[in-house]
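First up is the structure itself, then whatever we jot down about it.
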Amino acid sequence: KHKLPKKSKLRIVQDHWLRAMLRPQWKLQACVEVDSDTEAVANQGFKLGCISCKMRGEVPATAAVNWYFKASDDDEFSHLYSYEDLIGDVIDPRFYERLDWNGSKQTKDLQDGSIYILNVTYNDTGTYQCRFNRVLMYPNYEFQTNASKTIIINVVPRLTRGMASIFSEVMMYVSIIGLQFWLVVEMVYCYRKIAAAGEEALRESAAEYLAIASESKDNCAGVQVAE
């Protein structure tokens, strides 16, 4: 009986490529710390951003977020808002029914501690502090870390865009286009590499098949001569 050619290298490369693309690590969530906006418009909504990324993303953790506010005419900070165990609590009466959670959803492992102010007033001008209290849970012990961010908010009648904001937005789009171009180049390179490996594998398979056929033909000729 003729032996079937072994699995071609092209098929092997394709299988490895598919398995790599389906691995769980391709689903990792990225965390980037971005500064909050500092100019709010009166009578509109405003997001107070506060992001604190874990240094060890693979370690499970729990976190609580507390916000503090000091108005422009205040001397001390007052406790504004607390979020822990998926429950938010507005503490400062000046923000009752005007404040909502806008951070990480459906998880106790908080990395985004942002809040949203509804119907901003000029009295909301001042300094805000966001404080993260995080507990990293290792197999044999727990480690507590703290992080804080300070945001100075100015309330204006209408939004004005500075040159820094425009430049940041332009650079963001340039970065996105650059990353997409790099991804296309990588895909073309990988495709050409797989195609080259496939052609070589086909040549080897054809040579192996011809060798098997030639050997079988010689064996048949030998049998006829013997008869």
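So you can find residues: chains in the structure tokens are A, B, ... in the order shown, residues in each start at 1, and ligands are numbered from 1 in order.
The protein and nucleic acid residues lying at most 12 Å from Met137 of chain A are Arg56, Gly57, Glu58, Val59, Pro60, Ala61, Thr62, Ala63, Asp109, Phe143, Gln144 and Thr145 of chain A, with only C-alpha atoms considered and sequence neighbours fewer than 6 positions away removed.
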Expected file contents, prior selection, N, CA and C atoms, as a CSV table (one decimal), in the first residue's frame:
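Once everything was written out, this is part.csv:
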```csv
chain,number,residue,atom,x,y,z
A,56,ARG,N,-0.1,45.3,38.8
A,56,ARG,CA,-0.1,43.8,38.5
A,56,ARG,C,-1.6,43.5,38.0
A,57,GLY,N,-1.8,43.5,36.7
A,57,GLY,CA,-3.1,43.3,36.2
A,57,GLY,C,-3.6,41.9,36.4
A,58,GLU,N,-2.8,40.9,36.6
A,58,GLU,CA,-3.2,39.5,36.7
A,58,GLU,C,-3.6,39.2,38.1
A,59,VAL,N,-3.3,40.1,39.1
A,59,VAL,CA,-3.6,39.8,40.5
A,59,VAL,C,-5.0,40.3,40.8
A,60,PRO,N,-5.9,39.4,41.4
A,60,PRO,CA,-7.3,39.9,41.7
A,60,PRO,C,-7.2,40.9,42.9
A,61,ALA,N,-8.2,41.8,42.9
A,61,ALA,CA,-8.2,42.9,43.9
A,61,ALA,C,-9.6,43.4,44.1
A,62,THR,N,-9.7,44.1,45.2
A,62,THR,CA,-10.9,44.9,45.5
A,62,THR,C,-10.5,46.3,45.8
A,63,ALA,N,-11.4,47.3,45.5
A,63,ALA,CA,-11.0,48.7,45.7
A,63,ALA,C,-12.3,49.5,46.1
A,109,ASP,N,-13.3,45.1,41.5
A,109,ASP,CA,-11.9,45.4,41.1
A,109,ASP,C,-11.9,46.7,40.3
A,143,PHE,N,-2.2,42.7,50.1
A,143,PHE,CA,-1.3,43.9,50.1
A,143,PHE,C,-2.2,45.1,49.8
A,144,GLN,N,-2.2,46.2,50.7
A,144,GLN,CA,-3.0,47.3,50.5
A,144,GLN,C,-2.2,48.5,49.9
A,145,THR,N,-2.8,49.1,48.9
A,145,THR,CA,-2.2,50.3,48.2
A,145,THR,C,-3.2,51.4,48.2
```
Extract, using only C-alpha atoms, all DNA, RNA and protein residues at most 12 Å from Asp100 of chain A, discarding same-chain residues fewer than 5 positions from it, and format them as a PyMOL selection string.
chain A and resi 45-48+67+80-83+87-91+95+113-119
Would you please give, as a PyMOL selection string, all residues of segment 86-201 of chain A that DSSP assigns to strand (DSSP E) based on the backbone?
chain A and resi 87-90+99-101+115-117+126-137+142-156
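Across the model, the gap from atom CA of Lys70 of chain A to atom CA of Thr127 of chain A is 5.2 Å.
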Which segment 85-183 of chain A residues have any atom within 7 Å of an atom of segment 28-44 of chain A, and for each, what is the nearest pair of atoms with distance in Å to one decimal, counting only C-alpha atoms, rows sorted by chain and number, as a Markdown table?
```
| residue | atom | partner | partner_atom | distance |
| --- | --- | --- | --- | --- |
| A:Leu118 | CA | A:Gln44 | CA | 6.6 |
| A:Asn119 | CA | A:Asn43 | CA | 4.5 |
| A:Val120 | CA | A:Asn43 | CA | 4.9 |
| A:Thr121 | CA | A:Ala42 | CA | 5.3 |
| A:Tyr122 | CA | A:Ala42 | CA | 6.5 |
| A:Ile151 | CA | A:Thr38 | CA | 6.9 |
| A:Ile152 | CA | A:Thr38 | CA | 6.1 |
| A:Ile153 | CA | A:Thr38 | CA | 4.7 |
| A:Asn154 | CA | A:Glu39 | CA | 5.1 |
| A:Val155 | CA | A:Ala40 | CA | 4.7 |
| A:Val156 | CA | A:Val41 | CA | 5.1 |
| A:Pro157 | CA | A:Ala42 | CA | 5.6 |
| A:Arg158 | CA | A:Val41 | CA | 5.4 |
| A:Leu159 | CA | A:Val41 | CA | 6.0 |
```
Which value, in Å to one decimal, gives the distance between atom CA of Asn102 of chain A and atom CA of Gly126 of chain A?
19.9 Å
Among the residues of segment 7-136 of chain A, find those DSSP assigns to alpha helix (DSSP H) from the backbone and print them as a list in words.
Lys9, Leu10, Arg11, Ile12, Val13, Gln14, Asp15, His16, Trp17, Leu18, Arg19, Ala20 and Met21 of chain A
For the residues in that selection, give me C-alpha atoms as a compact mmCIF listing (two decimals), in the first residue's frame.
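part-v2.txt, freshly written:
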```
# COMPACT_ATOMS: atom_id res chain seq x y z
CA LYS A 9 3.85 22.42 6.78
CA LEU A 10 1.28 24.91 5.45
CA ARG A 11 -1.47 23.20 7.41
CA ILE A 12 0.70 23.04 10.53
CA VAL A 13 1.50 26.77 10.32
CA GLN A 14 -2.18 27.62 9.81
CA ASP A 15 -3.19 25.52 12.83
CA HIS A 16 -0.61 27.22 15.07
CA TRP A 17 -1.74 30.66 13.84
CA LEU A 18 -5.40 29.89 14.58
CA ARG A 19 -4.66 28.51 18.06
CA ALA A 20 -2.58 31.57 18.93
CA MET A 21 -5.36 33.93 17.89
```
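Taking atom CA of Asp74 of chain A as the reference point, atom CA of Trp101 of chain A is found at 24.4 Å.
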